[in-house]
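Heads up: the structure comes next, in structure tokens.
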Amino acid sequence: MTKRSKSTTLVKKRKRNYDNKGLLFIAPWLLGFLALQLYPMLSSLYYSFTDYSMGTDINWVGIKNYIDIFTRDPYFFQSVKVTLIYVVVAVPLKLAFALFIAVILNQKLKGINFFRAAFYIPSILAGSISIAILWKALFIKDGFINNLLGNVGIDPISWYGTPGMALFTICILTMWQFGSSMILFLAGLQQIPYNLTEAAQIDGAGKVRIFFKVTLPMLTPTIFFNVIMQTINAFQEYTSAAIITHGGPVYGTYLYGLKLYEEAFSNWRMGYACALSWILFIVILLFTIIMFATSKKWVYYEDGGVFDV
Amino acid sequence: MSRKKSKLGVFGRYVFLVIVGIVTLLPLVWLFFATFKTNTEIFGSNSLLPSHFSFDSYIKGWQGSGQFTYGRFLLNSFLLTVPTVLFTIVSAISVGYGFARFNFRGKKVLKILLISTLMLPNAILIVPRYILFTELGWNNTYLTFYIPALLGCYPFFTYQMMQYFRGLPKELDEAARIDGCNSFSLLTKILLPLCKPAVCAVGLLQFIWIWNDYFNVNIYINSVSKYPVALGLRMSLDSQAAIDWSPILAMSLTAIIPCVVLFFAGQRYFVEGIASTGIKD
């Protein structure tokens with residue numbers, strides 16, 4: 001109650017100090033937000049209720065696209081399944097590995113800059129077609145990876161031969177790009193006051209215990225940010241599946257991003273693709289809302305929030 | 001005893017880091033050496049080094065489609081990327097400054113909107129934007145990248161600049177205003193020179209993102225003469241029934257060299273830049 005009255009007086013005070021010149025500086029973004037983000041979103045919602053395909057008339061069809069997606073589309077549930085597996089496997093593994101490496105790097109070791117750079121490079125090339133091509137070549141039947149395995153007596157693995165292995169190989173590519181998450185964790189770790197861990201040490205806590213009782217809770221804002229961003233990205237993954245496996249074999253890597261792309265830009269079913277993209281958007285939105293809603297229970301904020309408003 | 005133990009611990013950590021480092025870099029090292037190999041050597045032998053260094057794959061790969069070489073694709077990539085990066089920097093500075101330093105009507109709501117767009121998936125925008133750009137006649141031009149950059153549609157960077165501006169002491173503003181600066185000269189003369197690290201971070205990251213982008217160029221750009229290197233590579237990959245790997249790998253490596261060079265030139269800014277986003281100071 002007191003907080004509210006305090007903030008209203010603040011607002012009153014501010015009212016006198018409005019400096020609308022600021023609007024001038026943010027005008028480009030305001031225009032961009034309205035024309036290139038809000039308008040496309042709303043028009044997409046509209047198109048999703050039509051049978052629009054490029055160059056034809058637009059006819060209102062109600063929720064037919066949505067019904068078709070859920071009842072008649074032969075590959076919708078397959079692509080949802082594959083995408084969920086990809087998100088649930090690749091994101092946690094990538095983040096856990098990134099965190100693990102960040103914790104090791106955070107101890108005052110010599111040569112940390114070298115390792116940091118080495119681990120970071122793959123992630124700056126993430127999403128590039130060069131890397132997708134490289135992955136395709138590395139894991140090919142008689143490729144380098146199988147040759148290496150052959151050296152230690154392991155029979156060649158058909159990395160792209162079965163749906164499960166193909167998806168796994170794409171997950172490895174995602175995990176390989178753990179560098180940018182690692183940098184974020186490292187920055188988060190460096191912000192943990194030394195006296196906190198020191199105090200725990202004096203109290204007789206072991207290293208493992210300090211990690212779980214002090215370090216990890218202090219790091220939850222960074223973990224929260226990483227989980228949200230990486231998950232949103234993973235839901236939309238496209239390039240690796242499009243270049244390396246073309247969604248195959250037998251739709252085993254038919255990620256949602258690929259399905260969306262094909263409906264829109266191969267079949268030119270714009271209305272249908274818009275319905276698909278709204279379904280994806282709602283799933284991502286729900287995920288984000290749940291994350292934010294539960295964050296009070298597991299994310300430790302010293303002041304304010306992760307996204308500093 | 002405990003000293004010995006910790007020394008062993010440090011040694012163990014190094015061994016672990018070196019192993020992870022080798023595993024992480026091995027694919028790129030392999031790519032580098034593979035570009036000098038012949039096709040049979042790429043897949044036949046398991047030695048990392050080529051039996052002899054041959055530049056044939058570069059010469060062959062560079063030809064591209066015959067009509068357009070990789071020289072053209074690389075040039076296109078620069079023409080696409082460099083203005084996009086500059087526009088991103090300008091809009092991020094302007095919008096970031098506006099949000100960080102002014103109290104205007106509706107600021108709080110607008111700021112929440114800006115931050116929400118950080119989480120707005122690109123996938124929801126791509127189809128309607130394509131339709132919009134078709135109506136505007138922008139498809140198959142680089143305007144599809146320039147205009148969103150100019151209008152601050154890369155919220156990640158706007159947010160980053162905003163946070164950086166907020167970290168600069170407000171006393172600077174007061175002193176500058178006493179010296180007769182207006183809002184614009186305060187930005188250009190006082191604050192911007194201090195923003196160099198943030199501007200470099202934004203520029204470098206955006207360069208690499210746009211340069212490496214495949215999803216968007218694949219949608220918006222469709223004539224070969226305008227292909228950036230990402231689409232050139234896709235074309236090389238698709239045009240053959242049996243993939244001629246060594247020229248493609250040579251061009252794949254060529255395509256990422258600008259990014260790797262920039263990374264080493266600006267490593268400091270990368271690390272600072274990425275660390276400054278999402279984490280408040």
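Going through the structure tokens in order, the chains are called A, B, and so on, while each chain numbers its residues from 1 and the ligands are numbered from 1 in the order shown.
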Quick one: contact table of chain A to chain B, 6 Å max, nearest atom pair and distance in Å to one decimal per residue, counting only C-alpha atoms, chain and number order, as JSON lines?
{"residue": "A:Tyr18", "atom": "CA", "partner": "B:Phe104", "partner_atom": "CA", "distance": 5.1}
{"residue": "A:Asp19", "atom": "CA", "partner": "B:Phe104", "partner_atom": "CA", "distance": 5.1}
{"residue": "A:Asn20", "atom": "CA", "partner": "B:Phe104", "partner_atom": "CA", "distance": 4.7}
{"residue": "A:Gly22", "atom": "CA", "partner": "B:Gly98", "partner_atom": "CA", "distance": 4.6}
{"residue": "A:Phe25", "atom": "CA", "partner": "B:Gly98", "partner_atom": "CA", "distance": 4.9}
{"residue": "A:Ile26", "atom": "CA", "partner": "B:Val95", "partner_atom": "CA", "distance": 4.3}
{"residue": "A:Pro28", "atom": "CA", "partner": "B:Leu151", "partner_atom": "CA", "distance": 4.7}
{"residue": "A:Trp29", "atom": "CA", "partner": "B:Gly152", "partner_atom": "CA", "distance": 4.7}
{"residue": "A:Gly32", "atom": "CA", "partner": "B:Leu151", "partner_atom": "CA", "distance": 4.6}
{"residue": "A:Pro40", "atom": "CA", "partner": "B:Pro128", "partner_atom": "CA", "distance": 5.0}
{"residue": "A:Ser44", "atom": "CA", "partner": "B:Pro128", "partner_atom": "CA", "distance": 5.4}
{"residue": "A:Ser128", "atom": "CA", "partner": "B:Asn212", "partner_atom": "CA", "distance": 4.5}
{"residue": "A:Ser130", "atom": "CA", "partner": "B:Ser252", "partner_atom": "CA", "distance": 4.5}
{"residue": "A:Asp142", "atom": "CA", "partner": "B:Phe43", "partner_atom": "CA", "distance": 5.6}
{"residue": "A:Gly143", "atom": "CA", "partner": "B:Phe43", "partner_atom": "CA", "distance": 5.2}
{"residue": "A:Asn147", "atom": "CA", "partner": "B:Asn46", "partner_atom": "CA", "distance": 5.5}
{"residue": "A:Leu184", "atom": "CA", "partner": "B:Ala275", "partner_atom": "CA", "distance": 5.3}
{"residue": "A:Ala187", "atom": "CA", "partner": "B:Ala275", "partner_atom": "CA", "distance": 5.7}
{"residue": "A:Ser277", "atom": "CA", "partner": "B:Ile124", "partner_atom": "CA", "distance": 5.1}
### Query
Hey, what's within 12 Å of region 100-111 of chain A if we count only C-alpha atoms and toss same-chain stuff fewer than 3 positions away? As number ranges by chain, please?
A: 92-97, 114-120, 178-192, 194, 207-208, 211, 215-216, 219; B: 6-7, 9-21
### Query
region 287-304 of chain A: which residues within 7 Å, counting only C-alpha atoms, same-chain residues fewer than 5 positions away excluded, as an NGL selection string?
:A and (217-218 or 220-221 or 228)
File of the preceding selection, N, CA, C and O atoms, as a PDB file, in the first residue's frame:
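result05.pdb, freshly written:
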ATOM      1  N   PRO A 217      22.214 -20.592  -6.885  1.00  0.00           N
ATOM      2  CA  PRO A 217      21.139 -19.627  -6.652  1.00  0.00           C
ATOM      3  C   PRO A 217      21.483 -18.213  -7.135  1.00  0.00           C
ATOM      4  O   PRO A 217      20.640 -17.536  -7.712  1.00  0.00           O
ATOM      5  N   MET A 218      22.731 -17.807  -6.935  1.00  0.00           N
ATOM      6  CA  MET A 218      23.117 -16.467  -7.379  1.00  0.00           C
ATOM      7  C   MET A 218      23.104 -16.350  -8.896  1.00  0.00           C
ATOM      8  O   MET A 218      23.030 -15.274  -9.457  1.00  0.00           O
ATOM      9  N   THR A 220      20.916 -17.874 -10.867  1.00  0.00           N
ATOM     10  CA  THR A 220      19.611 -18.166 -11.471  1.00  0.00           C
ATOM     11  C   THR A 220      19.118 -17.092 -12.438  1.00  0.00           C
ATOM     12  O   THR A 220      18.496 -17.454 -13.440  1.00  0.00           O
ATOM     13  N   PRO A 221      19.383 -15.794 -12.228  1.00  0.00           N
ATOM     14  CA  PRO A 221      18.935 -14.841 -13.251  1.00  0.00           C
ATOM     15  C   PRO A 221      19.559 -15.110 -14.618  1.00  0.00           C
ATOM     16  O   PRO A 221      18.880 -15.044 -15.641  1.00  0.00           O
ATOM     17  N   ILE A 228      15.338 -19.022 -21.488  1.00  0.00           N
ATOM     18  CA  ILE A 228      14.304 -18.389 -22.309  1.00  0.00           C
ATOM     19  C   ILE A 228      14.808 -18.151 -23.730  1.00  0.00           C
ATOM     20  O   ILE A 228      14.186 -18.561 -24.709  1.00  0.00           O
TER      21      ILE A 228
END
### Query
How far is it from CA of Ala273 (chain A) to CA of Tyr142 (chain B), in Å with one decimal?
24.0 Å
Residue list (alpha helix (DSSP H), DSSP) for region 99-206 of chain A, as a compact mmCIF listing (two decimals) with N, CA, C and O atoms, in the first residue's frame:
# COMPACT_ATOMS: atom_id res chain seq x y z
N LEU A 99 27.45 -24.14 -18.61
CA LEU A 99 27.61 -23.77 -17.20
C LEU A 99 28.81 -24.49 -16.58
O LEU A 99 29.62 -23.89 -15.86
N PHE A 100 28.91 -25.76 -16.90
CA PHE A 100 30.01 -26.57 -16.38
C PHE A 100 31.37 -25.97 -16.77
O PHE A 100 32.25 -25.76 -15.93
N ILE A 101 31.51 -25.66 -18.05
CA ILE A 101 32.76 -25.09 -18.53
C ILE A 101 32.99 -23.70 -17.91
O ILE A 101 34.11 -23.37 -17.52
N ALA A 102 31.93 -22.92 -17.78
CA ALA A 102 32.08 -21.57 -17.21
C ALA A 102 32.59 -21.66 -15.77
O ALA A 102 33.45 -20.88 -15.36
N VAL A 103 32.07 -22.63 -15.01
CA VAL A 103 32.50 -22.78 -13.61
C VAL A 103 33.99 -23.14 -13.56
O VAL A 103 34.74 -22.59 -12.75
N ILE A 104 34.42 -24.01 -14.46
CA ILE A 104 35.84 -24.37 -14.48
C ILE A 104 36.70 -23.17 -14.88
O ILE A 104 37.73 -22.90 -14.27
N LEU A 105 36.23 -22.44 -15.88
CA LEU A 105 37.01 -21.28 -16.35
C LEU A 105 37.04 -20.16 -15.32
O LEU A 105 37.93 -19.31 -15.35
N ILE A 112 43.17 -18.42 -19.51
CA ILE A 112 41.71 -18.46 -19.60
C ILE A 112 41.24 -17.78 -20.88
O ILE A 112 40.28 -18.23 -21.52
N ASN A 113 41.93 -16.71 -21.30
CA ASN A 113 41.50 -15.99 -22.50
C ASN A 113 41.56 -16.87 -23.74
O ASN A 113 40.69 -16.80 -24.60
N PHE A 114 42.60 -17.70 -23.78
CA PHE A 114 42.73 -18.60 -24.92
C PHE A 114 41.55 -19.58 -24.97
O PHE A 114 40.90 -19.74 -26.01
N PHE A 115 41.28 -20.20 -23.84
CA PHE A 115 40.20 -21.18 -23.81
C PHE A 115 38.85 -20.53 -24.10
O PHE A 115 38.02 -21.08 -24.81
N ARG A 116 38.66 -19.34 -23.53
CA ARG A 116 37.40 -18.65 -23.74
C ARG A 116 37.18 -18.40 -25.23
O ARG A 116 36.09 -18.62 -25.76
N ALA A 117 38.24 -17.96 -25.91
CA ALA A 117 38.12 -17.70 -27.35
C ALA A 117 37.86 -18.99 -28.12
O ALA A 117 37.00 -19.04 -28.99
N ALA A 118 38.59 -20.04 -27.75
CA ALA A 118 38.44 -21.32 -28.46
C ALA A 118 37.03 -21.87 -28.32
O ALA A 118 36.45 -22.38 -29.28
N PHE A 119 36.47 -21.73 -27.13
CA PHE A 119 35.11 -22.25 -26.91
C PHE A 119 34.05 -21.37 -27.53
O PHE A 119 32.95 -21.81 -27.83
N TYR A 120 34.41 -20.10 -27.72
CA TYR A 120 33.40 -19.15 -28.18
C TYR A 120 33.25 -19.17 -29.71
O TYR A 120 32.16 -18.94 -30.23
N ILE A 121 34.35 -19.44 -30.41
CA ILE A 121 34.33 -19.35 -31.88
C ILE A 121 33.17 -20.12 -32.54
O ILE A 121 32.47 -19.55 -33.37
N PRO A 122 32.93 -21.38 -32.18
CA PRO A 122 31.84 -22.07 -32.87
C PRO A 122 30.49 -21.35 -32.76
O PRO A 122 29.71 -21.34 -33.70
N SER A 123 30.26 -20.71 -31.62
CA SER A 123 28.94 -20.09 -31.46
C SER A 123 28.78 -18.83 -32.29
O SER A 123 27.66 -18.46 -32.64
N ILE A 124 29.89 -18.14 -32.63
CA ILE A 124 29.71 -16.97 -33.49
C ILE A 124 29.41 -17.40 -34.93
O ILE A 124 28.86 -16.63 -35.70
N ILE A 129 25.66 -21.27 -43.02
CA ILE A 129 25.52 -22.42 -43.90
C ILE A 129 26.85 -23.16 -44.02
O ILE A 129 26.88 -24.38 -44.21
N SER A 130 27.96 -22.42 -43.87
CA SER A 130 29.28 -23.07 -43.92
C SER A 130 29.38 -24.18 -42.88
O SER A 130 29.91 -25.26 -43.14
N ILE A 131 28.90 -23.88 -41.69
CA ILE A 131 29.00 -24.84 -40.60
C ILE A 131 28.06 -26.03 -40.86
O ILE A 131 28.41 -27.17 -40.59
N ALA A 132 26.90 -25.75 -41.41
CA ALA A 132 25.98 -26.84 -41.75
C ALA A 132 26.63 -27.77 -42.78
O ALA A 132 26.55 -29.00 -42.67
N ILE A 133 27.31 -27.17 -43.77
CA ILE A 133 28.00 -27.97 -44.79
C ILE A 133 29.12 -28.78 -44.16
O ILE A 133 29.28 -29.98 -44.43
N LEU A 134 29.86 -28.11 -43.26
CA LEU A 134 30.94 -28.81 -42.56
C LEU A 134 30.40 -30.01 -41.80
O LEU A 134 30.97 -31.10 -41.83
N TRP A 135 29.27 -29.82 -41.11
CA TRP A 135 28.68 -30.90 -40.32
C TRP A 135 28.26 -32.06 -41.20
O TRP A 135 28.42 -33.22 -40.86
N LYS A 136 27.71 -31.69 -42.35
CA LYS A 136 27.29 -32.71 -43.28
C LYS A 136 28.48 -33.56 -43.72
O LYS A 136 28.41 -34.79 -43.77
N ALA A 137 29.60 -32.88 -44.00
CA ALA A 137 30.79 -33.60 -44.46
C ALA A 137 31.42 -34.43 -43.34
O ALA A 137 31.84 -35.56 -43.57
N LEU A 138 31.47 -33.86 -42.14
CA LEU A 138 32.15 -34.54 -41.03
C LEU A 138 31.49 -35.86 -40.68
O LEU A 138 32.16 -36.85 -40.38
N PHE A 144 35.15 -38.00 -41.65
CA PHE A 144 36.22 -37.89 -40.67
C PHE A 144 35.84 -38.51 -39.32
O PHE A 144 36.63 -39.21 -38.70
N ILE A 145 34.60 -38.26 -38.88
CA ILE A 145 34.20 -38.77 -37.56
C ILE A 145 34.22 -40.30 -37.54
O ILE A 145 34.76 -40.91 -36.63
N ASN A 146 33.68 -40.89 -38.60
CA ASN A 146 33.69 -42.36 -38.65
C ASN A 146 35.09 -42.90 -38.80
O ASN A 146 35.42 -43.96 -38.25
N ASN A 147 35.95 -42.17 -39.52
CA ASN A 147 37.36 -42.59 -39.62
C ASN A 147 38.02 -42.57 -38.25
O ASN A 147 38.76 -43.47 -37.90
N LEU A 148 37.75 -41.51 -37.49
CA LEU A 148 38.31 -41.40 -36.14
C LEU A 148 37.83 -42.56 -35.28
O LEU A 148 38.62 -43.19 -34.57
N LEU A 149 36.54 -42.83 -35.35
CA LEU A 149 35.98 -43.93 -34.56
C LEU A 149 36.58 -45.26 -35.00
O LEU A 149 36.84 -46.14 -34.18
N GLY A 150 36.84 -45.37 -36.30
CA GLY A 150 37.46 -46.58 -36.82
C GLY A 150 38.83 -46.81 -36.22
O GLY A 150 39.21 -47.96 -35.97
N ASN A 151 39.54 -45.72 -35.94
CA ASN A 151 40.87 -45.84 -35.33
C ASN A 151 40.82 -46.52 -33.98
O ASN A 151 41.78 -47.15 -33.56
N PRO A 163 16.18 -41.79 -38.35
CA PRO A 163 15.62 -40.53 -37.84
C PRO A 163 16.23 -40.11 -36.51
O PRO A 163 16.61 -38.96 -36.33
N GLY A 164 16.36 -41.07 -35.60
CA GLY A 164 16.87 -40.74 -34.27
C GLY A 164 18.31 -40.24 -34.31
O GLY A 164 18.65 -39.23 -33.71
N MET A 165 19.18 -40.95 -35.07
CA MET A 165 20.57 -40.55 -35.15
C MET A 165 20.71 -39.19 -35.84
O MET A 165 21.52 -38.35 -35.43
N ALA A 166 19.92 -38.97 -36.87
CA ALA A 166 20.02 -37.71 -37.60
C ALA A 166 19.68 -36.53 -36.68
O ALA A 166 20.38 -35.52 -36.65
N LEU A 167 18.62 -36.70 -35.90
CA LEU A 167 18.23 -35.63 -34.98
C LEU A 167 19.31 -35.43 -33.91
O LEU A 167 19.65 -34.30 -33.56
N PHE A 168 19.87 -36.55 -33.47
CA PHE A 168 20.94 -36.48 -32.47
C PHE A 168 22.15 -35.72 -33.02
O PHE A 168 22.76 -34.91 -32.33
N THR A 169 22.48 -35.99 -34.29
CA THR A 169 23.64 -35.33 -34.89
C THR A 169 23.41 -33.82 -34.99
O THR A 169 24.34 -33.02 -34.81
N ILE A 170 22.17 -33.43 -35.24
CA ILE A 170 21.85 -32.00 -35.26
C ILE A 170 21.92 -31.41 -33.85
O ILE A 170 22.37 -30.28 -33.65
N CYS A 171 21.52 -32.20 -32.86
CA CYS A 171 21.66 -31.77 -31.47
C CYS A 171 23.13 -31.54 -31.11
O CYS A 171 23.46 -30.60 -30.38
N ILE A 172 24.01 -32.42 -31.60
CA ILE A 172 25.44 -32.24 -31.33
C ILE A 172 25.91 -30.90 -31.90
O ILE A 172 26.67 -30.18 -31.26
N LEU A 173 25.43 -30.58 -33.10
CA LEU A 173 25.81 -29.30 -33.71
C LEU A 173 25.38 -28.14 -32.81
O LEU A 173 26.12 -27.18 -32.60
N THR A 174 24.16 -28.23 -32.27
CA THR A 174 23.67 -27.17 -31.39
C THR A 174 24.53 -27.07 -30.13
O THR A 174 24.89 -25.98 -29.69
N MET A 175 24.86 -28.25 -29.57
CA MET A 175 25.66 -28.24 -28.35
C MET A 175 27.05 -27.69 -28.58
O MET A 175 27.63 -27.05 -27.72
N TRP A 176 27.57 -27.95 -29.77
CA TRP A 176 28.91 -27.48 -30.12
C TRP A 176 28.97 -25.95 -30.00
O TRP A 176 30.02 -25.37 -29.75
N GLY A 179 29.26 -21.73 -26.74
CA GLY A 179 30.13 -20.63 -26.33
C GLY A 179 29.45 -19.37 -25.83
O GLY A 179 29.84 -18.82 -24.80
N SER A 180 28.40 -18.93 -26.52
CA SER A 180 27.83 -17.64 -26.11
C SER A 180 27.10 -17.78 -24.76
O SER A 180 27.15 -16.87 -23.93
N SER A 181 26.47 -18.93 -24.53
CA SER A 181 25.86 -19.17 -23.22
C SER A 181 26.93 -19.21 -22.14
O SER A 181 26.76 -18.69 -21.04
N MET A 182 28.06 -19.83 -22.50
CA MET A 182 29.16 -19.93 -21.55
C MET A 182 29.66 -18.55 -21.14
O MET A 182 29.93 -18.29 -19.96
N ILE A 183 29.77 -17.64 -22.13
CA ILE A 183 30.23 -16.28 -21.84
C ILE A 183 29.26 -15.60 -20.88
O ILE A 183 29.67 -14.91 -19.94
N LEU A 184 27.97 -15.80 -21.12
CA LEU A 184 26.97 -15.20 -20.22
C LEU A 184 27.09 -15.75 -18.80
O LEU A 184 27.03 -15.02 -17.83
N PHE A 185 27.28 -17.07 -18.70
CA PHE A 185 27.45 -17.68 -17.38
C PHE A 185 28.71 -17.16 -16.70
O PHE A 185 28.71 -16.87 -15.51
N LEU A 186 29.76 -17.03 -17.48
CA LEU A 186 31.02 -16.56 -16.93
C LEU A 186 30.85 -15.15 -16.37
O LEU A 186 31.32 -14.83 -15.27
N ALA A 187 30.15 -14.31 -17.13
CA ALA A 187 29.89 -12.94 -16.66
C ALA A 187 29.06 -12.97 -15.39
O ALA A 187 29.30 -12.21 -14.45
N GLY A 188 28.07 -13.88 -15.35
CA GLY A 188 27.23 -14.00 -14.16
C GLY A 188 28.04 -14.47 -12.96
O GLY A 188 27.89 -13.96 -11.85
N LEU A 189 28.91 -15.43 -13.19
CA LEU A 189 29.74 -15.96 -12.10
C LEU A 189 30.66 -14.87 -11.54
O LEU A 189 30.90 -14.80 -10.34
N GLN A 190 31.17 -14.04 -12.44
CA GLN A 190 32.11 -13.01 -11.98
C GLN A 190 31.43 -11.91 -11.17
O GLN A 190 32.09 -11.12 -10.51
N TYR A 194 32.74 -12.24 -3.91
CA TYR A 194 33.65 -13.26 -3.41
C TYR A 194 33.36 -13.57 -1.94
O TYR A 194 33.47 -14.71 -1.50
N ASN A 195 32.97 -12.53 -1.17
CA ASN A 195 32.78 -12.75 0.27
C ASN A 195 31.65 -13.75 0.55
O ASN A 195 31.62 -14.36 1.61
N LEU A 196 30.75 -13.92 -0.40
CA LEU A 196 29.67 -14.90 -0.19
C LEU A 196 30.22 -16.32 -0.14
O LEU A 196 29.94 -17.08 0.78
N THR A 197 31.01 -16.66 -1.15
CA THR A 197 31.58 -18.01 -1.18
C THR A 197 32.59 -18.18 -0.05
O THR A 197 32.71 -19.25 0.54
N GLU A 198 33.28 -17.09 0.24
CA GLU A 198 34.26 -17.15 1.32
C GLU A 198 33.58 -17.44 2.65
O GLU A 198 34.02 -18.29 3.42
N ALA A 199 32.49 -16.74 2.89
CA ALA A 199 31.74 -16.95 4.13
C ALA A 199 31.27 -18.39 4.25
O ALA A 199 31.36 -19.01 5.31
N ALA A 200 30.79 -18.93 3.13
CA ALA A 200 30.33 -20.32 3.14
C ALA A 200 31.48 -21.27 3.43
O ALA A 200 31.32 -22.27 4.14
N GLN A 201 32.65 -20.91 2.89
CA GLN A 201 33.84 -21.75 3.10
C GLN A 201 34.23 -21.76 4.59
O GLN A 201 34.53 -22.80 5.14
N ILE A 202 34.20 -20.56 5.17
CA ILE A 202 34.54 -20.44 6.59
C ILE A 202 33.56 -21.24 7.44
O ILE A 202 33.93 -21.88 8.42
Please provide the set of residues having any atom within 7 Å of Tyr227 (chain B), restricted to only C-alpha atoms, with same-chain residues fewer than 4 positions apart removed, written as a PDB file with C-alpha atoms, in the first residue's frame.
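What follows is the written file result29.pdb:
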ATOM      1  CA  PHE B  73      28.825 -13.404 -53.870  1.00  0.00           C
ATOM      2  CA  ASN B  76      27.134  -8.955 -52.408  1.00  0.00           C
ATOM      3  CA  ILE B 221      16.765 -12.608 -52.186  1.00  0.00           C
ATOM      4  CA  SER B 223      18.193 -13.562 -58.227  1.00  0.00           C
ATOM      5  CA  LEU B 231      23.012 -18.484 -51.035  1.00  0.00           C
ATOM      6  CA  GLY B 232      25.984 -19.036 -53.332  1.00  0.00           C
TER       7      GLY B 232
END
### Message
With distances taken over only C-alpha atoms, which residue among B:Thr84, B:Ser236, B:Ser185, B:Thr35 lies nearest Tyr70 (chain B)?
### Response
B:Ser236
### Query
Can you tell me, as a ChimeraX atom specification, what residues are no more than 8 Å from Ala241 (chain A) when counting only C-alpha atoms, ignoring any on the same chain fewer than 4 positions away?
/A:170,237,245-247,253-255,258
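As for CA of Asp68 (chain A) and CA of Cys274 (chain A), they are spaced 13.0 Å apart.
Comparing the minimum interatomic distances between Leu45 (chain A) and each of A:Phe224, A:Leu286, A:Ser158, A:Ile279, counting only C-alpha atoms, we find that A:Ile279 sits nearest.
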